[in-house]
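Encoded as structure tokens, the structure appears first; notes follow it.
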Amino acid sequence: MSLKGKTAVITGSNSGIGLGVAHELAKAGANVVLNSFTDRDEDHKLAEALGKEHGVTARYIKADMSKGDECRALIEQAGVCDILVNNAGIQHVAPVDEFPAEKWDAIIAINMNSSFHTAAAALPMMRKAGWGRVVNIASAHGLTASPFKSAYVAAKHGVVGMTKVIALETAEEPITANAICPGYVLTPLVESQIPDTMKEYNMDRDTVVRDVLLARQPSKAFATVEQIGGTAVFLCSDAAAQITGTTISVDGGWTAL
Ligand code: NAD
């Protein structure tokens, strides 16, 4: 599973799943480029510490994944992109008839359109290098729906569809494209939804975690960012060279129900 000498660009990777994926790829020997839309000292220090921990080159590049030109600039600035992990994502929860149009546009742009722009910029680099892996972090919501998550569900279904198209367009090349579909992982994104859910259902935190979040997952456990990262490492390995155009669920059985 050595990824020594490969360079991975992971969008939205200064927290949560993206950071976990970056750590696992670096642990496997890949040099990594971290990204988010902020440009704080702590973002650059995060990359520095990650590089030191795993003995790889790690840097942080600011780029706002809601903007197509910045998505493409991220890949250009990285210079090399053997492994592209499209992970940046946001969420908003509201019924369709109350869903703010600007939230819809932002979710579609960050969660879906960014994956198109980064892939468009990265595929020529992968072709030049003669090797490439596209790993899109979709969601159980890329395969199933939930009420009040229209934009998120639409974006994640779009990512799954686009992953298949990239796989078909690169099928005869040493490039693969796959999507990972996590169930719930307790990251800042999921944590931020818990207070509203507590208010909505008049529940305490433990009840929300047990009866709303874990209730979706037959395993009654959350996946960890390390497990999502480990799945990404597998998809980048030689063992997965013939796996393309597919989705791998890491959801404790959610989508098997
Ligand atoms: P998170 O909030 O911890 O991470 C989201 C990342 O995206 C952060 O690094 C954030 O800085 C970045 N980001 C947000 N807007 C951005 C922008 N405009 N430009 C660049 N970066 C931006 O959340 P997470 O749970 O780690 O989510 C990561 C991905 O995993 C998302 O695509 C999410 O939809 C997906 N996912 C998460 C879960 C879960 O349960 N946590 C489940 C399924 C899928």
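Convention: chains lettered A, B, ... in structure tokens order; per-chain residue numbering from 1; ligands numbered from 1 as shown.
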
All residues 10 Å or closer to His92 in chain A, only C-alpha atoms, same chain fewer than 5 positions away omitted, as a list in words: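 Skipping anything fewer than 5 positions along the chain leaves Phe99, Pro100, Lys103, Trp104, Ala106, Ile107, Phe148, Lys149, Ser150, Ala151, Tyr152, Leu189 and Gln193 of chain A.
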
Residue selection dump (C-alpha atoms) as a PDB file, in the first residue's frame:
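What follows is the written file selection_10.pdb:
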ATOM      1  CA  PHE A  99     -34.609  26.373   1.621  1.00  0.00           C
ATOM      2  CA  PRO A 100     -32.670  29.635   1.080  1.00  0.00           C
ATOM      3  CA  LYS A 103     -27.616  28.063   0.570  1.00  0.00           C
ATOM      4  CA  TRP A 104     -28.714  25.803  -2.324  1.00  0.00           C
ATOM      5  CA  ALA A 106     -23.368  27.309  -2.102  1.00  0.00           C
ATOM      6  CA  ILE A 107     -23.955  23.602  -1.353  1.00  0.00           C
ATOM      7  CA  PHE A 148     -34.761  18.595   4.604  1.00  0.00           C
ATOM      8  CA  LYS A 149     -31.402  17.936   2.913  1.00  0.00           C
ATOM      9  CA  SER A 150     -32.409  18.661  -0.705  1.00  0.00           C
ATOM     10  CA  ALA A 151     -29.277  20.478  -1.842  1.00  0.00           C
ATOM     11  CA  TYR A 152     -26.924  18.075  -0.059  1.00  0.00           C
ATOM     12  CA  LEU A 189     -20.094  19.278  10.314  1.00  0.00           C
ATOM     13  CA  GLN A 193     -26.333  19.963  13.416  1.00  0.00           C
TER      14      GLN A 193
END

Contacts of Ile110 in chain A at 12 Å (only C-alpha atoms; same-chain gap of 6+ positions) as a ChimeraX atom specification: /A:11-12,36-37,63-68,70-71,86-91,103-104,116-118,151-152,155-156,159

When DSSP works through the backbone of this structure, what residues of range 159-236 of chain A end up as helix (DSSP H, G or I), shown as an mmCIF file with C-alpha atoms, in the first residue's frame?
data_model
loop_
_atom_site.group_PDB
_atom_site.id
_atom_site.type_symbol
_atom_site.label_atom_id
_atom_site.label_comp_id
_atom_site.auth_asym_id
_atom_site.auth_seq_id
_atom_site.Cartn_x
_atom_site.Cartn_y
_atom_site.Cartn_z
ATOM 1 C CA VAL A 159 -20.930 13.541 -7.350
ATOM 2 C CA VAL A 160 -21.677 9.804 -7.566
ATOM 3 C CA GLY A 161 -22.887 10.231 -11.174
ATOM 4 C CA MET A 162 -19.903 12.339 -12.182
ATOM 5 C CA THR A 163 -17.516 9.806 -10.603
ATOM 6 C CA LYS A 164 -18.919 7.133 -12.942
ATOM 7 C CA VAL A 165 -18.468 9.406 -15.979
ATOM 8 C CA ILE A 166 -14.820 10.163 -15.077
ATOM 9 C CA ALA A 167 -14.255 6.408 -14.620
ATOM 10 C CA LEU A 168 -15.652 5.679 -18.082
ATOM 11 C CA GLU A 169 -13.663 8.473 -19.723
ATOM 12 C CA PRO A 188 -17.522 19.454 13.166
ATOM 13 C CA LEU A 189 -20.094 19.278 10.314
ATOM 14 C CA VAL A 190 -22.269 16.702 12.112
ATOM 15 C CA GLU A 191 -21.629 18.249 15.560
ATOM 16 C CA ILE A 194 -26.832 18.416 16.854
ATOM 17 C CA PRO A 195 -28.026 21.557 18.758
ATOM 18 C CA ASP A 196 -30.791 22.288 16.185
ATOM 19 C CA THR A 197 -31.905 18.649 16.221
ATOM 20 C CA MET A 198 -32.016 18.762 20.060
ATOM 21 C CA LYS A 199 -34.291 21.828 19.870
ATOM 22 C CA GLU A 200 -36.462 20.445 17.051
ATOM 23 C CA TYR A 201 -37.234 17.163 18.830
ATOM 24 C CA ARG A 205 -27.626 15.295 23.175
ATOM 25 C CA ASP A 206 -27.289 11.612 24.052
ATOM 26 C CA THR A 207 -30.807 10.910 22.751
ATOM 27 C CA VAL A 208 -30.085 12.732 19.464
ATOM 28 C CA VAL A 209 -26.887 10.730 19.024
ATOM 29 C CA ARG A 210 -28.621 7.415 19.821
ATOM 30 C CA ASP A 211 -32.122 7.892 18.323
ATOM 31 C CA VAL A 212 -31.425 10.174 15.354
ATOM 32 C CA LEU A 213 -27.852 9.614 14.204
ATOM 33 C CA LEU A 214 -26.929 6.065 15.251
ATOM 34 C CA ALA A 215 -30.487 4.861 14.554
ATOM 35 C CA ARG A 216 -29.674 5.122 10.811
ATOM 36 C CA VAL A 225 -11.968 9.679 9.951
ATOM 37 C CA GLU A 226 -9.140 7.103 10.037
ATOM 38 C CA GLN A 227 -11.479 4.468 8.558
ATOM 39 C CA ILE A 228 -12.529 6.826 5.742
ATOM 40 C CA GLY A 229 -8.829 7.625 5.184
ATOM 41 C CA GLY A 230 -7.938 3.924 5.159
ATOM 42 C CA THR A 231 -10.570 3.334 2.482
ATOM 43 C CA ALA A 232 -9.024 6.135 0.409
ATOM 44 C CA VAL A 233 -5.564 4.538 0.789
ATOM 45 C CA PHE A 234 -6.991 1.210 -0.417
ATOM 46 C CA LEU A 235 -8.576 2.889 -3.475
ATOM 47 C CA CYS A 236 -5.169 4.410 -4.288
#

Between CA of Met203 in chain A and CA of Pro147 in chain A, distance in Å (one decimal):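 Separation of CA of Met203 in chain A and CA of Pro147 in chain A: 18.9 Å.
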
Lys4 in chain A surroundings by only C-alpha atoms, 7 Å radius, close-in-sequence under 6 positions cut, as an MDAnalysis selection string: chainID A and resid 28:30

Top pick for closest residue to His44 in chain A, considering A:Thr224, A:Asn14, A:Ser115, A:Thr57 and counting only C-alpha atoms: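 Among the listed residues, A:Asn14 lies closest to His44 in chain A.
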
All strand (DSSP E) residues (DSSP, backbone) inside range 11-181 of chain A, as a PyMOL selection string: chain A and resi 31-36+58-62+83-86+132-137+175-181

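Going from atom 35 (C, counted along the ligand's line) of ligand 1 to CA of Leu123 in chain A covers 22.4 Å.
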
Atomic separation - CA of Gly252 in chain A relative to CA of Ala177 in chain A, Å: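 Going from CA of Ala177 in chain A over to CA of Gly252 in chain A covers 22.8 Å.
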
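For Met125 in chain A, the non-local neighbours within 8 Å, defined as residues at least 5 positions apart in the same chain or in other chains and counting only C-alpha atoms, are Val80, Cys81 and Asp82 of chain A.
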
Residue nearest Ala22 in chain A - candidates A:Glu48, A:Ala58, A:Ile175, A:Ala78, atoms counted: only C-alpha atoms: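 Closest to Ala22 in chain A, using only C-alpha atoms: A:Ala58.
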